[in-house]
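Engineer: Sharing a structure with you now.
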Amino acid sequence: IDGLDRKLCPNTGTPVPGGFEAEEVIYLIKKIKESGRTLIGFDLVEIGVGQTDWDSNVGARILWRLSNLMVS
């Protein structure tokens with residue numbers, strides 16, 4: 001989550017100004033898979049807790065997308 005643009009997860013511990021959009025991350029992982037490499041796992045960490053559930057919602061959606069990529 002730290003590598004995403006701060007607007008997506010503003011409560012992460014170490015936000016990155018100008019970080020990745022979620023679609024850019026998904027695109028990169030798709031390209032890795034298309035290159036013939038085998039992904040054996042991934043790690044999704046640093047989801048912060050704020051006044052709303054915004055960060056956890058973004059994290060859950062990215063986790064869902066990554067999990068689907070792993071089984072596709």
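For the structure tokens, the naming scheme is as follows: chains receive sequential letters (A, B, ...) according to their order of presentation, residues are indexed from 1 within each chain, and ligands are indexed from 1 in presentation order.
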List the neighbours of Leu4 (chain A) out to 7 Å using only C-alpha atoms; skip same-chain residues closer than 4 positions along the sequence, and give me the result as a list of chain:residue names.
Structural biologist: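 Within the cut-off, the hits are A:Leu8, A:Val16, A:Gly19, A:Phe20, A:Glu21, A:Ala22.
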Engineer: Region 54-66 of chain A: which residues within 9 Å, counting only C-alpha atoms, same-chain residues fewer than 2 positions away excluded, as a PyMOL selection string?
Structural biologist: chain A and resi 1+8-12+22+26+29+42+44-45+47-52+68-71
Engineer: Point out the residue among A:Glu23, A:Thr14, A:Lys33, A:Ser72 with the least atom-to-atom distance to Glu46 (chain A), counting only C-alpha atoms.
Structural biologist: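 Checking each of A:Glu23, A:Thr14, A:Lys33, A:Ser72 against Glu46 (chain A), counting only C-alpha atoms, the winner is A:Thr14.
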Engineer: Could you pull out all residues of chain A with a DSSP call of strand (DSSP E or B) and give them as a tab-separated table (two decimals) with all heavy atoms, in the first residue's frame?
Structural biologist:
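Contents of selection.tsv, as written:
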```tsv
chain	number	residue	atom	x	y	z
A	4	LEU	N	1.43	3.12	-3.33
A	4	LEU	CA	0.32	3.76	-4.03
A	4	LEU	C	0.32	5.26	-3.81
A	4	LEU	O	0.87	5.76	-2.82
A	4	LEU	CB	-1.02	3.19	-3.55
A	4	LEU	CG	-1.28	1.72	-3.83
A	4	LEU	CD1	-2.61	1.30	-3.23
A	4	LEU	CD2	-1.25	1.43	-5.32
A	5	ASP	N	-0.31	5.97	-4.72
A	5	ASP	CA	-0.46	7.42	-4.56
A	5	ASP	C	-1.18	7.71	-3.25
A	5	ASP	O	-2.09	7.00	-2.85
A	5	ASP	CB	-1.26	7.99	-5.73
A	5	ASP	CG	-1.23	9.50	-5.76
A	5	ASP	OD1	-1.87	10.11	-4.88
A	5	ASP	OD2	-0.58	10.05	-6.66
A	16	VAL	N	3.70	7.73	-0.39
A	16	VAL	CA	4.60	8.11	-1.47
A	16	VAL	C	3.91	9.13	-2.37
A	16	VAL	O	2.99	8.78	-3.09
A	16	VAL	CB	5.00	6.87	-2.32
A	16	VAL	CG1	5.88	7.28	-3.48
A	16	VAL	CG2	5.69	5.84	-1.46
A	20	PHE	N	2.09	4.95	-7.32
A	20	PHE	CA	1.31	4.23	-8.33
A	20	PHE	C	-0.19	4.41	-8.13
A	20	PHE	O	-0.67	4.53	-7.02
A	20	PHE	CB	1.58	2.73	-8.26
A	20	PHE	CG	2.90	2.31	-8.79
A	20	PHE	CD1	3.89	1.87	-7.92
A	20	PHE	CD2	3.16	2.33	-10.14
A	20	PHE	CE1	5.12	1.45	-8.41
A	20	PHE	CE2	4.38	1.92	-10.63
A	20	PHE	CZ	5.37	1.48	-9.76
```
Engineer: When you draw a straight line from CA of Pro15 (chain A) to CA of Gly3 (chain A), how long is it in Å?
Structural biologist: 7.1 Å
